[in-house]
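Written out below as structure tokens is the structure these notes cover.
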Amino acid sequence: MQPPSPRYQGYRSFGYLEPHTDYKVFDLAPEIGRVPPYDLGLSAEQTERVTRILTSHMAISLHEHPKILTADPARLRDYNRTGRNAIGFEGLARSGMTALFDNFMNGTNCVTSEHGWKWDDVIYDLGLRFADLAKQDFVVPARTVAEIEQAKATGRLALVAGLEAATMIENELDRLDILYGFGVRQIGVAYSQANQLGGGLSESSDGGLTH
């Protein structure tokens, strides 16, 4: 874990709203210290070198879910149904990353449906997440490489919107343009369940692995 970024000013998700009035409040898992720390056995010199590399060069994670989960896993579905998943800003501020590809709720998205992957659910998820991001100045949406580079240059963390599957596209190809307009820059074909574009892991006897 890296020292906190000086650009992070302590913002917490939905800080612009009134708890219990504007949104339902859940007990969430801690962002820092949820599991025992592990230092990888690095010496002080090696630790300093890691920090120097992360400061000088770009570190990009291609698949993340930076939301904070509920402390009680049994409440997770109720939490997801509100459409408001808190982002782990404090944890991200200590990650040392330049950019991450946020894959949002994906198949756990059940704002309007019990089964996930619906078009309306995806739009709710994207819209509410970006509304939260707009209220702070550390994690910034990135739609181009230049915007990732700008985030790095200004000490911020770039967030690239991604989706694990294209299930919500159904047979409406214009939805790809709509998602692009919302800022989505990565989308998979299928994940666990099959859709109109491809087979999923749950339909494969070997879990999608090859020998």
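Residues are referred to by chain and number: the chain letter is A, B, ... according to the order shown in the structure tokens, the number counts from 1 in that chain, and ligands are numbered separately from 1 in the order shown.
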
Fill in: Spatial neighbours of range 85-95 of chain A, max dist 10 Å, only C-alpha atoms, sep filter under 4 positions, as a ChimeraX atom specification
/A:1-14,28,30-33,54,59,65-70,76,79-81,99-100,104-105,125,128-129,132-133,136,138-139,156-157

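Using only C-alpha atoms, the nearest neighbour of Val50 in chain A within the list A:Ala190, A:Met97, A:Ile178, A:Ile123 is A:Met97.
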
Worksheet entry | Best match for closeness to Val140 in chain A among A:Asn109, A:Asn103, A:Thr98, A:Thr167, counting only C-alpha atoms | A:Thr98

Worksheet item: At what distance in Å, to one decimal, does CA of Phe26 in chain A lie from CA of Pro73 in chain A?
Response: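 Those two atoms sit 11.1 Å apart.
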
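The coordinates place CA of Phe130 in chain A at 28.1 Å from CA of Gln196 in chain A.
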
Practice prompt. Within 12 Å of Leu17 in chain A, counting only C-alpha atoms, which residues show up once you throw out same-chain ones fewer than 6 positions away? Write them as a list in words, please.
Written response: Tyr23, Lys24, Val25, Arg84, Ala131, Asp132 and Lys135 of chain A

Could you save the residues just selected, with C-alpha atoms, as a PDB file, in the first residue's frame?
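Output file selection_33.pdb follows:
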ATOM      1  CA  TYR A  23     -30.251   7.355  -0.254  1.00  0.00           C
ATOM      2  CA  LYS A  24     -30.390   4.185   1.820  1.00  0.00           C
ATOM      3  CA  VAL A  25     -27.410   3.690   4.113  1.00  0.00           C
ATOM      4  CA  ARG A  84     -25.688   3.532  -5.490  1.00  0.00           C
ATOM      5  CA  ALA A 131     -22.634  11.595 -10.942  1.00  0.00           C
ATOM      6  CA  ASP A 132     -20.663  10.598  -7.834  1.00  0.00           C
ATOM      7  CA  LYS A 135     -18.521  15.717  -7.126  1.00  0.00           C
TER       8      LYS A 135
END

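Using only C-alpha atoms, the shortest contact distance between Thr144 in chain A and any of A:Ser202, A:Gln186, A:Ser43, A:Thr108 is found at A:Gln186.
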
Discussion item. DSSP on the backbone: which residues in range 12-207 of chain A end up as strand (DSSP E or B)? Give the answer as a VMD selection string.
Written reply: chain A and resid 19 23 28 60 to 64 67 70 87 99 to 102 139 to 141 157 to 163 184 to 187 195 198

Quick one: everything within 10 Å of Leu163 in chain A, counting only C-alpha atoms, minus sequence neighbours fewer than 6 positions away in the same chain. Send it as a PDB file with C-alpha atoms, in the first residue's frame.
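What landed in result_25.pdb:
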ATOM      1  CA  HIS A  63     -10.016  -5.025 -14.656  1.00  0.00           C
ATOM      2  CA  PHE A 101     -10.717  -0.073 -15.935  1.00  0.00           C
ATOM      3  CA  ASP A 102     -13.848  -0.067 -13.771  1.00  0.00           C
ATOM      4  CA  ASN A 103     -16.229  -2.913 -14.665  1.00  0.00           C
ATOM      5  CA  PHE A 104     -19.068  -1.549 -12.508  1.00  0.00           C
ATOM      6  CA  MET A 105     -21.807  -3.903 -11.183  1.00  0.00           C
ATOM      7  CA  ASN A 106     -22.090  -6.007 -14.332  1.00  0.00           C
ATOM      8  CA  GLY A 107     -24.027  -9.232 -13.676  1.00  0.00           C
ATOM      9  CA  TRP A 117     -27.457  -7.359 -17.371  1.00  0.00           C
ATOM     10  CA  VAL A 122     -26.495  -0.586 -16.944  1.00  0.00           C
ATOM     11  CA  LEU A 179     -22.511   3.308 -24.290  1.00  0.00           C
ATOM     12  CA  VAL A 184     -17.556   3.099 -21.999  1.00  0.00           C
ATOM     13  CA  ARG A 185     -14.295   2.127 -23.678  1.00  0.00           C
ATOM     14  CA  GLN A 186     -14.090  -1.627 -22.998  1.00  0.00           C
ATOM     15  CA  ILE A 187     -16.733  -4.316 -23.329  1.00  0.00           C
ATOM     16  CA  GLY A 188     -16.523  -8.094 -23.334  1.00  0.00           C
ATOM     17  CA  VAL A 189     -18.679 -10.379 -25.487  1.00  0.00           C
ATOM     18  CA  ALA A 190     -20.017 -12.730 -22.792  1.00  0.00           C
ATOM     19  CA  TYR A 191     -19.211 -13.657 -19.216  1.00  0.00           C
TER      20      TYR A 191
END

Worksheet item: Just asking: which residues within range 104-172 of chain A are alpha helix (DSSP H) according to DSSP, as a list in words?
Response: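 Everything in range 104-172 of chain A that counts as alpha helix (DSSP H) is Trp119, Asp120, Asp121, Val122, Ile123, Tyr124, Asp125, Leu126, Gly127, Leu128, Arg129, Phe130, Ala131, Asp132, Leu133, Val145, Ala146, Glu147, Ile148, Glu149, Gln150, Ala151, Lys152 and Ala153 of chain A.
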
Practice prompt. Would you mind telling me which residue in A:Ala29, A:Cys110, A:Ala161, A:Leu42 lies nearest to Glu64 in chain A when using only C-alpha atoms?
Written response: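 Closest to Glu64 in chain A, using only C-alpha atoms: A:Ala161.
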